[in-house]
Amino acid sequence: MKRVWKWTKPVMAISVSASVMLAGCSSGSNKENSPAQGASSASAANETGLKPYALTFVFPTTADAKDMGLVEEAVNKITKEKINATVKFIPISFGAWAQQTTLMLSGNEKVDVIFSGIGTYNQQASKGQLLPMEDLIERYGQEAKAALDDQSPQILEAARIDGHIYGMPDIKDLAENYGFTIRKDLVDKYGIDLSAVKTIDDLDPVFQKIKDNEPTMFPTYKYSQSIIDTISNGYMDNLGDGFGVLPNFDNNLKVVDWYETPEYAKLLDTVRRWYLAGFIPKDIATSTENGTQVMKAGKTASYLSHMKPGFAEQDSRNTGHTLESIELLPAAATTGKITRFMLSIANNSDNPERAMMFINLLYADKELSNLLAWGIEGKHYVKQADGTINYPDGVDATNTGYGLFTGYLFGNQFLQYVWSGNDPQLWTTMSDFNKAARKSKALGFSFNAEPVKTELAAVTNVTNQFKVSLETGTIDPKKHLPEFINQLKAAGIDKIIAEKQKQLDAWAAQ
């Protein structure tokens with residue numbers, strides 16, 4: 001019996017109606033060899049004799065989009081014409097994603113194209129839940145490959161595990177730079193000179209000015225779990241889990257313990273100084289709020305974080321305040337960043353060839369990409385004079401029928417219109433950013449933690465005990481950092497580093 005997935009009610013209703021709509025399409029095994037070479041010939045698929053096929057597309061969502069069924073219908077008009085296939089959407093909330101996709105991939109549920117990444121790619125590939133794609137890409141995915149290669153030939157190779165590619169990275173920001181973001185009204189009000197800020201140690205006068213003049217506001221706050229957890233990645237390739245890293249994205253491929261480095265100790269000293277000066281709230285280590293939430297509430301002026309082109313504009317929308325960002329550490333690309341958002345073909349697919357044709361369209365067909373990202377023109381968005389898009393009259397974020405804002409999930413974001421408030425040339429800037437970013441010397445390496453899974457669990461427990469307190473300045477690093485390091489060693493971090501070094505050396509030798 002086919003399992004029924006329990007989404008939130010609006011999404012479930014969409015999925016059920018989609019099932020009815022597609023009931024007349026074949027969903028049985030229909031694997032075929034097409035004479036078409038690449039997806040451009042797949043666009044004439046009906047003329048080359050492809051049988052009808054009903055694809056399933058599983059992806060995460062942040063919203064219950066009541067018009068998803070309408071978008072699905074519009075998508076199917078394109079895919080029926082170009083690859084003689086219909087597409088059944090299976091949207092799953094991010095909160096339920098891990099649990100539901102684990103069940104889908106481990107059972108017999110029919111899944112063709114599935115979003116992959118967000119920390120599960122290696123495990124899914126190692127369990128045989130995703131299909132190797134390199135031959136399919138060669139035959140049916142040449143336009144997608146060309147779009148990725150335009151960013152860098154290394155991008156697709158970063159998804160390779162033990163010789164096979166199990167996912168195609170989404171084209172979006174494929175690197176990260178790192179820096180400081182602050183409310184612009186405060187910069188203007190107090191004449192803060194951001195050009196004088198070159199390193200994080202130059203921020204003390206900025207924080208002092210906020211503290212002196214805004215007594216109800218914290219000068220800075222944690223962006224995620226701690227003050228420095230995201231910006232720390234600007235100093236090294238964390239090689240997937242942070243237990244054994246590559247300083248400066250090179251270090252002659254020698255893996256070290258990040259927590260024993262001088263860079264980490266210096267960052268902790270800085271954060272401790274800020275905490276003692278009152279720039280950071282006393283209860284920050286136990287707070288469950290992040291920087292954007294606290295800034296939206298008007299309670300903080302700034303945060304340190306990873307960034308990308310358009311970051312200030314993005315977080316201005318998220319916080320409700322106009323923001324300015326400055327770069328403190330340059331952009332770098334790592335395997336973890338590139339493989340965070342990908343598209344894969346499930347082992348449960350009845351027709352991997354058609355699934356690959358659909359993926360190819362996501363990287364090559366502008367109309368399809370914009371449908372999935374923004375919905376239906378005139379109903380969910382309208383074009384503006386500068387080429388950007390915005391809501392139609394009478395529509396806003398509270399009543400739109402398709403407000404996903406997750407275009408990065410659907411293949412090639414550079415095909416999509418730019419939302420109002422961003423630079424109309426955002427995607428050109430982003431592409432230049434990707435191409436100019438430093439590539440880690442370990443780009444393409446993926447660590448298999450299975451041989452040290454016991455040690456990994458133990459060091460994770462130790463990290464959970466110390467890391468946030470140290471990285472928010474709540475405890476004195478002079479006393480507690482050595483204790484943290486000693487407990488990591490007792491838990492087996494040196495064994496993890498040795499195993500990671502062994503695997504990295506073998507990868508480099510290939």
# chains A, B, ... in the order shown; residues from 1 in each chain; ligands from 1

$ residues_around --residues "A:Ile493" --least-positions-apart "4" --cutoff "9 Å" --atoms "only C-alpha atoms" --output "PyMOL selection string"
chain A and resi 243-244+257+455-456+458-459+488-489+497-498

$ residues_around --residues "A:Asp135" --least-positions-apart "4" --cutoff "10 Å" --atoms "only C-alpha atoms" --output "ChimeraX atom specification"
/A:139-141,164-165,353

$ atom_distance --atom1 "atom CA of A:Leu329" --atom2 "atom CA of A:Glu499"
29.4 Å

$ residues_around --residues "stretch 248-253 of chain A" --least-positions-apart "3" --cutoff "12 Å" --atoms "only C-alpha atoms" --output "PyMOL selection string"
chain A and resi 232-239+244-245+256+258+261+263+329-335+437-443+445+500-509

$ closest_residue --among "A:Ile182, A:Gly375, A:Arg272, A:Ser126" --to "A:Asp162" --atoms "only C-alpha atoms"
A:Ser126

$ residues_around --residues "A:Ser195" --least-positions-apart "5" --cutoff "12 Å" --atoms "only C-alpha atoms" --output "list in words"
Phe180, Val187, Asp202, Leu203, Val206, Glu324, Ser325, Ile326, Glu327 and Leu328 of chain A

$ closest_residue --among "A:Arg273, A:Lys209, A:Lys478, A:Arg354" --to "A:Val87" --atoms "only C-alpha atoms"
A:Arg354

$ closest_residue --among "A:Gly119, A:Gly298, A:Pro52, A:Gly336" --to "A:Thr319" --atoms "only C-alpha atoms"
A:Gly298

$ select_by_dssp --residues "stretch 223-456 of chain A" --states "strand (DSSP E or B)" --output "ChimeraX atom specification"
/A:236-237,245-247,256,300,302-307,323-333,341-346,377,381-383,389-390,412,419,438-439

$ write_last_selection --atoms "N, CA, C and O atoms" --output "compact mmCIF listing (two decimals), in the first residue's frame"
# COMPACT_ATOMS: atom_id res chain seq x y z
N MET A 236 39.00 28.99 7.26
CA MET A 236 39.40 27.61 6.97
C MET A 236 38.29 26.86 6.24
O MET A 236 37.13 27.26 6.26
N ASP A 237 38.68 25.77 5.59
CA ASP A 237 37.73 24.80 5.07
C ASP A 237 37.44 23.82 6.20
O ASP A 237 38.35 23.12 6.67
N VAL A 245 40.30 20.49 10.20
CA VAL A 245 40.02 21.50 9.18
C VAL A 245 41.28 21.79 8.37
O VAL A 245 42.38 21.35 8.71
N LEU A 246 41.10 22.60 7.32
CA LEU A 246 42.21 23.00 6.47
C LEU A 246 42.36 24.52 6.60
O LEU A 246 41.64 25.29 5.97
N PRO A 247 43.29 25.00 7.46
CA PRO A 247 43.45 26.45 7.64
C PRO A 247 43.78 27.15 6.32
O PRO A 247 44.52 26.61 5.49
N VAL A 256 44.24 19.90 10.62
CA VAL A 256 44.57 20.26 12.00
C VAL A 256 43.29 20.43 12.80
O VAL A 256 42.19 20.53 12.25
N THR A 300 19.02 44.82 18.59
CA THR A 300 20.46 44.76 18.33
C THR A 300 20.77 45.61 17.11
O THR A 300 19.91 45.85 16.24
N SER A 302 23.74 44.97 15.16
CA SER A 302 24.64 44.35 14.19
C SER A 302 24.83 42.86 14.45
O SER A 302 24.42 42.34 15.49
N TYR A 303 25.51 42.23 13.51
CA TYR A 303 26.00 40.86 13.70
C TYR A 303 27.11 40.58 12.69
O TYR A 303 27.27 41.26 11.68
N LEU A 304 27.90 39.56 13.01
CA LEU A 304 28.92 39.01 12.11
C LEU A 304 28.34 37.76 11.45
O LEU A 304 27.64 36.98 12.09
N SER A 305 28.65 37.57 10.15
CA SER A 305 28.07 36.41 9.48
C SER A 305 28.80 36.12 8.18
O SER A 305 29.65 36.89 7.73
N HIS A 306 28.44 34.99 7.57
CA HIS A 306 28.79 34.76 6.17
C HIS A 306 27.94 35.71 5.32
O HIS A 306 26.87 36.16 5.75
N MET A 307 28.39 35.99 4.10
CA MET A 307 27.66 36.93 3.26
C MET A 307 27.75 36.48 1.80
O MET A 307 28.34 35.45 1.48
N LEU A 323 20.04 47.89 5.95
CA LEU A 323 21.32 47.45 6.51
C LEU A 323 22.48 47.77 5.58
O LEU A 323 22.30 47.92 4.38
N GLU A 324 23.66 47.85 6.16
CA GLU A 324 24.90 47.94 5.40
C GLU A 324 25.81 46.79 5.82
O GLU A 324 25.87 46.43 7.00
N SER A 325 26.52 46.22 4.84
CA SER A 325 27.46 45.14 5.12
C SER A 325 28.85 45.52 4.62
O SER A 325 28.99 46.18 3.59
N ILE A 326 29.86 45.08 5.35
CA ILE A 326 31.25 45.26 4.90
C ILE A 326 31.95 43.90 4.98
O ILE A 326 31.72 43.12 5.89
N GLU A 327 32.78 43.65 4.00
CA GLU A 327 33.53 42.39 3.95
C GLU A 327 34.77 42.48 4.84
O GLU A 327 35.54 43.43 4.77
N LEU A 328 34.96 41.46 5.66
CA LEU A 328 36.15 41.37 6.49
C LEU A 328 37.05 40.22 6.06
O LEU A 328 38.27 40.26 6.30
N LEU A 329 36.47 39.20 5.42
CA LEU A 329 37.23 38.06 4.91
C LEU A 329 36.72 37.74 3.51
O LEU A 329 35.52 37.73 3.28
N PRO A 330 37.61 37.47 2.57
CA PRO A 330 37.20 37.32 1.17
C PRO A 330 36.45 36.01 0.91
O PRO A 330 36.45 35.09 1.73
N ALA A 331 35.82 35.94 -0.26
CA ALA A 331 34.99 34.80 -0.63
C ALA A 331 35.83 33.55 -0.87
O ALA A 331 36.93 33.60 -1.42
N ALA A 332 35.26 32.43 -0.47
CA ALA A 332 35.90 31.13 -0.70
C ALA A 332 34.82 30.09 -1.00
O ALA A 332 33.69 30.20 -0.50
N ALA A 333 35.17 29.12 -1.81
CA ALA A 333 34.26 28.03 -2.16
C ALA A 333 34.80 26.73 -1.58
O ALA A 333 35.98 26.41 -1.71
N PHE A 341 22.99 22.59 -1.62
CA PHE A 341 21.71 22.59 -2.31
C PHE A 341 21.89 21.97 -3.69
O PHE A 341 22.55 22.55 -4.55
N MET A 342 21.27 20.79 -3.90
CA MET A 342 21.48 20.05 -5.14
C MET A 342 20.18 19.37 -5.57
O MET A 342 19.20 19.30 -4.82
N LEU A 343 20.22 18.84 -6.78
CA LEU A 343 19.13 18.03 -7.30
C LEU A 343 19.67 16.66 -7.66
O LEU A 343 20.71 16.54 -8.32
N SER A 344 18.96 15.62 -7.24
CA SER A 344 19.40 14.25 -7.44
C SER A 344 18.28 13.41 -8.03
O SER A 344 17.11 13.81 -8.03
N ILE A 345 18.65 12.23 -8.51
CA ILE A 345 17.68 11.25 -9.00
C ILE A 345 17.66 10.10 -8.01
O ILE A 345 18.70 9.51 -7.70
N ALA A 346 16.49 9.81 -7.49
CA ALA A 346 16.37 8.77 -6.46
C ALA A 346 16.53 7.39 -7.07
O ALA A 346 16.16 7.14 -8.23
N GLU A 377 3.04 34.74 -13.86
CA GLU A 377 3.12 36.18 -14.11
C GLU A 377 1.73 36.79 -14.18
O GLU A 377 0.81 36.24 -14.79
N TYR A 381 3.26 37.68 -9.60
CA TYR A 381 4.26 38.74 -9.74
C TYR A 381 4.00 39.50 -11.03
O TYR A 381 3.31 39.02 -11.94
N VAL A 382 4.56 40.71 -11.08
CA VAL A 382 4.53 41.52 -12.30
C VAL A 382 5.92 42.10 -12.53
O VAL A 382 6.67 42.33 -11.59
N LYS A 383 6.25 42.32 -13.80
CA LYS A 383 7.54 42.92 -14.14
C LYS A 383 7.48 44.43 -13.97
O LYS A 383 6.44 45.05 -14.18
N ILE A 389 11.00 42.26 -10.55
CA ILE A 389 9.60 41.91 -10.38
C ILE A 389 9.13 42.24 -8.96
O ILE A 389 9.94 42.38 -8.04
N ASN A 390 7.81 42.36 -8.81
CA ASN A 390 7.22 42.64 -7.51
C ASN A 390 5.81 42.07 -7.50
O ASN A 390 5.33 41.54 -8.50
N ASN A 412 18.79 26.46 -11.67
CA ASN A 412 19.61 27.59 -12.07
C ASN A 412 18.94 28.90 -11.69
O ASN A 412 18.10 29.42 -12.41
N TRP A 419 14.02 39.98 -7.67
CA TRP A 419 12.94 40.60 -6.92
C TRP A 419 13.25 42.07 -6.64
O TRP A 419 14.41 42.45 -6.41
N ARG A 438 37.98 32.29 -4.08
CA ARG A 438 39.05 31.32 -3.88
C ARG A 438 38.46 29.93 -3.77
O ARG A 438 37.45 29.72 -3.09
N LYS A 439 39.08 28.96 -4.41
CA LYS A 439 38.63 27.58 -4.34
C LYS A 439 39.51 26.83 -3.33
O LYS A 439 40.74 26.85 -3.43

$ select_by_dssp --residues "stretch 306-504 of chain A" --states "alpha helix (DSSP H)" --output "VMD selection string"
chain A and resid 311 to 319 335 to 338 352 to 364 366 to 374 426 to 436 453 to 471 477 to 491 493 to 504

$ residues_around --residues "A:Pro482" --least-positions-apart "3" --cutoff "12 Å" --atoms "only C-alpha atoms" --output "NGL selection string"
:A and (259-261 or 265 or 466 or 470 or 476-479 or 485-489)

$ write_last_selection --atoms "C-alpha atoms" --output "PDB file, in the first residue's frame"
ATOM      1  CA  TYR A 259      40.220  24.578  18.241  1.00  0.00           C
ATOM      2  CA  GLU A 260      43.980  24.383  18.823  1.00  0.00           C
ATOM      3  CA  THR A 261      44.879  27.073  16.278  1.00  0.00           C
ATOM      4  CA  ALA A 265      42.186  31.487  20.356  1.00  0.00           C
ATOM      5  CA  PHE A 466      31.822  24.232  25.476  1.00  0.00           C
ATOM      6  CA  LEU A 470      33.276  30.121  24.537  1.00  0.00           C
ATOM      7  CA  ASP A 476      36.914  32.814  30.035  1.00  0.00           C
ATOM      8  CA  PRO A 477      38.875  31.168  27.189  1.00  0.00           C
ATOM      9  CA  LYS A 478      42.138  31.424  29.130  1.00  0.00           C
ATOM     10  CA  LYS A 479      40.713  28.915  31.583  1.00  0.00           C
ATOM     11  CA  ILE A 485      40.833  20.925  23.924  1.00  0.00           C
ATOM     12  CA  ASN A 486      41.755  18.278  26.506  1.00  0.00           C
ATOM     13  CA  GLN A 487      38.240  16.874  26.569  1.00  0.00           C
ATOM     14  CA  LEU A 488      38.138  16.781  22.756  1.00  0.00           C
ATOM     15  CA  LYS A 489      41.342  14.760  22.783  1.00  0.00           C
TER      16      LYS A 489
END

$ atom_distance --atom1 "atom CA of A:Tyr121" --atom2 "atom CA of A:Arg160"
10.7 Å

$ residues_around --residues "A:Val111" --least-positions-apart "5" --cutoff "12 Å" --atoms "only C-alpha atoms" --output "PyMOL selection string"
chain A and resi 27-28+54-59+87-90+101-106+129-131+344-352+355

$ closest_residue --among "A:Pro309, A:Pro281, A:Gly444, A:Pro451" --to "A:Pro424" --atoms "only C-alpha atoms"
A:Pro309

$ closest_residue --among "A:Pro60, A:Gly107, A:Gly278, A:Gly242" --to "A:Gly407" --atoms "only C-alpha atoms"
A:Pro60

$ closest_residue --among "A:Ala491, A:Ile200, A:Val294, A:Ile227" --to "A:Ala457" --atoms "only C-alpha atoms"
A:Ala491

$ atom_distance --atom1 "atom CA of A:Gly473" --atom2 "atom CA of A:Tyr275"
5.3 Å
